[in-house]
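See below for entry-v5.csv, which holds CSV, C-alpha atoms (C1' of nucleotides).
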chain,number,residue,atom,x,y,z
A,8,MET,CA,76.5,101.7,98.4
A,9,ARG,CA,78.5,103.7,95.9
A,10,LEU,CA,77.8,107.3,95.0
A,11,PRO,CA,79.6,109.6,92.6
A,12,VAL,CA,81.2,112.9,93.7
A,13,ILE,CA,81.2,115.2,90.7
A,14,THR,CA,83.9,117.8,90.6
A,15,THR,CA,85.5,119.8,87.9
A,16,ASP,CA,88.5,117.4,88.2
A,17,GLY,CA,86.5,114.3,87.5
A,18,LYS,CA,84.1,111.9,89.1
A,19,PHE,CA,85.2,110.5,92.4
A,20,ILE,CA,83.5,107.4,93.8
A,21,ALA,CA,82.5,107.3,97.4
A,22,ARG,CA,81.5,104.0,99.1
A,23,TYR,CA,79.4,104.0,102.2
A,24,THR,CA,78.5,101.4,104.8
A,25,ASP,CA,76.0,101.7,107.6
A,26,ALA,CA,78.8,103.2,109.8
A,27,GLY,CA,80.0,105.8,107.5
A,28,LEU,CA,82.3,106.5,104.5
A,29,ALA,CA,84.4,103.5,103.8
A,30,GLU,CA,86.2,104.4,100.6
A,31,LEU,CA,86.8,107.3,98.3
A,32,ASN,CA,88.4,106.7,95.0
A,33,PHE,CA,90.1,109.0,92.5
A,34,PRO,CA,88.4,109.4,89.2
A,35,THR,CA,88.9,106.2,87.2
A,36,THR,CA,90.2,106.6,83.8
A,37,GLY,CA,87.8,104.6,81.6
A,38,ARG,CA,87.1,101.5,83.6
A,39,ALA,CA,84.4,101.1,86.2
A,40,SER,CA,81.7,103.5,85.2
A,41,THR,CA,79.2,104.9,87.7
A,42,ARG,CA,77.4,101.6,87.5
A,43,ALA,CA,73.8,101.1,88.2
A,44,VAL,CA,73.4,102.6,91.6
A,45,LYS,CA,69.9,103.5,90.8
A,46,GLY,CA,67.2,101.3,92.3
A,47,GLU,CA,69.2,101.1,95.5
A,48,ILE,CA,67.6,102.8,98.5
A,49,ILE,CA,69.7,105.5,99.9
A,50,SER,CA,69.3,105.9,103.7
A,51,ALA,CA,68.9,109.3,105.2
A,52,ASN,CA,72.2,108.9,107.0
A,53,ILE,CA,74.1,108.2,103.8
A,54,ARG,CA,72.4,111.1,102.0
A,55,ARG,CA,73.5,113.4,104.8
A,56,TRP,CA,77.1,112.0,104.9
A,57,HIS,CA,77.4,112.3,101.1
A,58,ARG,CA,76.6,116.0,101.2
A,59,VAL,CA,79.3,116.4,103.7
A,60,THR,CA,81.7,114.3,101.7
A,61,GLU,CA,81.0,116.3,98.5
A,62,ALA,CA,81.7,119.6,100.3
A,63,ALA,CA,84.9,118.2,101.9
A,64,VAL,CA,86.2,116.9,98.6
A,65,LYS,CA,85.6,120.2,96.8
A,66,ASN,CA,87.2,122.2,99.6
A,67,ILE,CA,90.3,120.0,99.5
A,68,LEU,CA,90.6,120.3,95.8
A,69,ALA,CA,90.4,124.0,96.3
A,70,GLY,CA,93.3,123.8,98.8
A,71,ARG,CA,91.2,124.5,101.9
A,72,ALA,CA,90.8,122.4,105.0
A,73,PRO,CA,87.3,120.9,105.0
A,74,LYS,CA,85.1,122.2,107.8
A,75,HIS,CA,83.3,118.9,108.4
A,76,LEU,CA,84.1,115.3,107.6
A,77,PRO,CA,81.6,112.5,107.4
A,78,PRO,CA,82.0,109.6,109.9
A,79,LEU,CA,84.7,107.2,108.5
A,80,ASP,CA,84.3,103.5,108.6
A,81,LEU,CA,87.9,102.5,107.8
A,82,ALA,CA,88.7,98.9,107.2
A,83,GLY,CA,92.3,98.1,108.3
A,84,THR,CA,94.6,96.7,110.9
A,85,ALA,CA,95.3,98.4,114.2
A,86,PHE,CA,98.6,99.6,112.8
A,87,GLN,CA,97.1,101.1,109.7
A,88,LYS,CA,94.5,102.9,111.8
A,89,GLN,CA,97.2,104.4,113.9
A,90,VAL,CA,99.0,105.7,110.9
A,91,TRP,CA,95.8,107.1,109.3
A,92,ASN,CA,95.0,108.8,112.6
A,93,ALA,CA,98.4,110.4,112.7
A,94,LEU,CA,97.9,111.6,109.1
A,95,ARG,CA,94.8,113.4,110.0
A,96,LYS,CA,96.7,115.5,112.5
A,97,ILE,CA,98.8,117.1,109.8
A,98,PRO,CA,97.4,120.6,109.3
A,99,ALA,CA,96.7,121.8,105.8
A,100,GLY,CA,99.7,123.4,104.1
A,101,GLN,CA,102.2,121.4,106.1
A,102,THR,CA,104.0,118.2,105.3
A,103,LYS,CA,105.7,115.4,107.2
A,104,SER,CA,108.1,112.7,106.2
A,105,TYR,CA,107.4,109.0,106.5
A,106,GLY,CA,110.0,108.9,109.3
A,107,GLU,CA,108.2,111.6,111.3
A,108,ILE,CA,104.9,109.7,111.0
A,109,ALA,CA,106.7,106.6,112.2
A,110,ARG,CA,108.0,108.4,115.3
A,111,ALA,CA,104.6,110.0,115.9
A,112,ILE,CA,103.0,106.6,116.4
A,113,GLY,CA,105.8,105.4,118.6
A,114,ARG,CA,107.5,103.2,116.1
A,115,PRO,CA,110.5,105.1,114.8
A,116,ARG,CA,111.7,102.2,112.8
A,117,ALA,CA,108.4,101.3,111.1
A,118,ILE,CA,109.2,103.7,108.3
A,119,ARG,CA,108.5,101.5,105.4
A,120,ALA,CA,105.5,100.1,107.1
A,121,VAL,CA,104.1,103.6,107.2
A,122,GLY,CA,104.5,103.8,103.5
A,123,GLY,CA,102.6,100.6,103.2
A,124,ALA,CA,99.8,101.9,105.4
A,125,CYS,CA,99.5,105.1,103.3
A,126,GLY,CA,99.2,103.1,100.2
A,127,ALA,CA,96.4,101.0,101.8
A,128,ASN,CA,94.5,104.1,102.8
A,129,PRO,CA,91.0,103.6,101.4
A,130,VAL,CA,90.1,107.3,101.8
A,131,PRO,CA,92.8,109.5,100.3
A,132,LEU,CA,92.1,113.3,100.4
A,133,LEU,CA,90.1,113.1,103.6
A,134,VAL,CA,93.0,111.3,105.2
A,135,PRO,CA,95.7,113.5,103.8
A,136,CYS,CA,98.3,111.0,102.7
A,137,HIS,CA,99.4,113.5,100.1
A,138,ARG,CA,101.0,115.6,102.9
A,139,VAL,CA,103.5,112.8,103.6
A,140,LEU,CA,106.8,113.3,101.7
A,141,ALA,CA,109.9,111.2,101.7
A,142,ALA,CA,113.0,112.5,103.5
A,143,GLY,CA,114.6,115.5,101.9
A,144,LYS,CA,111.1,116.7,100.7
A,145,LYS,CA,111.1,114.2,97.8
A,146,LEU,CA,107.7,113.3,96.6
A,147,GLY,CA,107.6,109.6,97.3
A,148,GLY,CA,104.6,108.0,95.8
A,149,PHE,CA,100.8,108.3,95.8
A,150,SER,CA,98.0,105.9,95.1
A,151,GLY,CA,96.1,108.2,92.9
A,152,GLY,CA,99.2,109.1,90.9
A,153,LEU,CA,101.9,111.6,91.6
A,154,ASP,CA,100.2,114.3,89.5
A,155,TRP,CA,97.5,114.4,92.0
A,156,LYS,CA,99.9,114.6,94.9
A,157,ARG,CA,101.8,117.5,93.4
A,158,ARG,CA,98.6,119.3,92.6
A,159,LEU,CA,97.1,118.9,96.0
A,160,LEU,CA,100.3,120.2,97.6
A,161,VAL,CA,100.6,123.1,95.3
A,162,GLY,CA,96.9,123.9,96.0
A,163,GLU,CA,97.7,124.1,99.7
A,164,GLY,CA,100.6,126.4,99.0
A,165,VAL,CA,103.3,123.9,99.9
A,166,GLY,CA,106.6,124.5,98.2
A,167,TRP,CA,109.5,122.2,98.0
B,13,DT,C1',108.1,81.9,105.5
B,14,DC,C1',109.1,84.6,101.7
B,15,DC,C1',108.3,88.7,99.1
B,16,DG,C1',107.3,93.4,98.0
B,17,DT,C1',106.8,98.0,99.5
B,18,DA,C1',104.5,105.4,98.7
B,19,DT,C1',111.8,104.6,103.2
B,20,DT,C1',116.2,105.9,105.0
B,21,DG,C1',120.9,107.1,105.6
B,22,DA,C1',125.5,105.9,104.8
B,23,DA,C1',129.1,104.6,101.7
B,24,DC,C1',130.5,104.4,97.6
B,25,DT,C1',131.6,105.9,92.4
C,10,DA,C1',124.8,114.0,91.7
C,11,DG,C1',123.8,109.3,91.0
C,12,DT,C1',124.0,104.4,92.6
C,13,DT,C1',124.2,100.5,95.7
C,14,DC,C1',123.2,98.5,100.0
C,15,DA,C1',121.6,97.0,104.4
C,16,DA,C1',118.3,97.6,108.1
C,17,DT,C1',113.6,97.5,109.0
C,18,DA,C1',108.1,96.6,110.1
C,19,DC,C1',104.2,95.1,108.2
C,20,DG,C1',100.8,92.8,105.2
C,21,DG,C1',99.6,89.4,101.8
C,22,DA,C1',100.2,84.9,99.7
Step by step, read the file and then write its structure as structure tokens.
Amino acid sequence: MRLPVITTDGKFIARYTDAGLAELNFPTTGRASTRAVKGEIISANIRRWHRVTEAAVKNILAGRAPKHLPPLDLAGTAFQKQVWNALRKIPAGQTKSYGEIARAIGRPRAIRAVGGACGANPVPLLVPCHRVLAAGKKLGGFSGGLDWKRRLLVGEGVGW
DNA sequence: TCCGTATTGAACT
DNA sequence: AGTTCAATACGGA
């Protein structure tokens, strides 16, 4: 089940399973339109979750920590989930390095693997992979494009 | 098993 | 200040 999240910055696409939000994509430039979601039956749960998701996305875009998050149904390996879980502990307005995340999950040498897990994150924004910088406060990379990463950090008042 | 990473830090020019 | 290089863990083919 895919539903659009309309914001002033574009149309994000949220994908839900019975268990919760499974995916949240940045606005796609051109390809993959909203697609015929109509006709599908939207369960009460998903409707409720989607309202929470919309509010959370808008808050994050405005640089504020979302008050509530929908339940997440993240598909990934145990390692990736550990990383994503660690990312969610980063408070808004703060950043960490890939090395710090690696240490936080007890694998100080899994630095590059952390980068890989960030890139595999199906739910950017809600899982704040944009708060992870490379050593020396360099930007590193970002799945949705570095422009987004810069913008989100600036929105949270992070300077580097 | 080999390859590519959203890395890192040191050793060079 | 820029470049090269090895070490490194994980995931996909």
At a cut-off of 10 Å, which residues of chain C touch chain A? Count all atoms listed in the file and give the answer as number ranges by chain. C: 16-20
Proximal residues of chain B relative to chain A (only C-alpha atoms (C1' of nucleotides); 10 Å) as number ranges by chain: B: 17-21
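For the atom pair formed by atom CA of Gly151 of chain A and atom CA of Asp25 of chain A, the distance is 25.7 Å, given to one decimal.
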Pairwise distance, atom CA of Gln101 of chain A with atom CA of Arg138 of chain A, equals 6.7 Å
Pick out the residues sitting within 12 Å of DA22 of chain C, and hand them over as a PDB file with C-alpha atoms (C1' of nucleotides), in the frame of the given file; count all atoms listed in the file, and ignore anything fewer than 2 positions along from it in its own chain.
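The resulting file, part_8.pdb, is reproduced below:
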ATOM      1  C1'  DT B  13     108.100  81.900 105.500  1.00  0.00           C
ATOM      2  C1'  DC B  14     109.100  84.600 101.700  1.00  0.00           C
ATOM      3  C1'  DC B  15     108.300  88.700  99.100  1.00  0.00           C
ATOM      4  C1'  DG B  16     107.300  93.400  98.000  1.00  0.00           C
TER       5       DG B  16
ATOM      6  C1'  DG C  20     100.800  92.800 105.200  1.00  0.00           C
TER       7       DG C  20
END
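Atom CA of Pro135 of chain A to atom CA of Pro34 of chain A spans 16.8 Å [interatomic distance, one decimal].
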Write out as a VMD selection string the residues lying within 12 Å of DA23 of chain B, counting all atoms listed in the file and excluding same-chain residues fewer than 5 positions away. chain C and resid 12 to 15
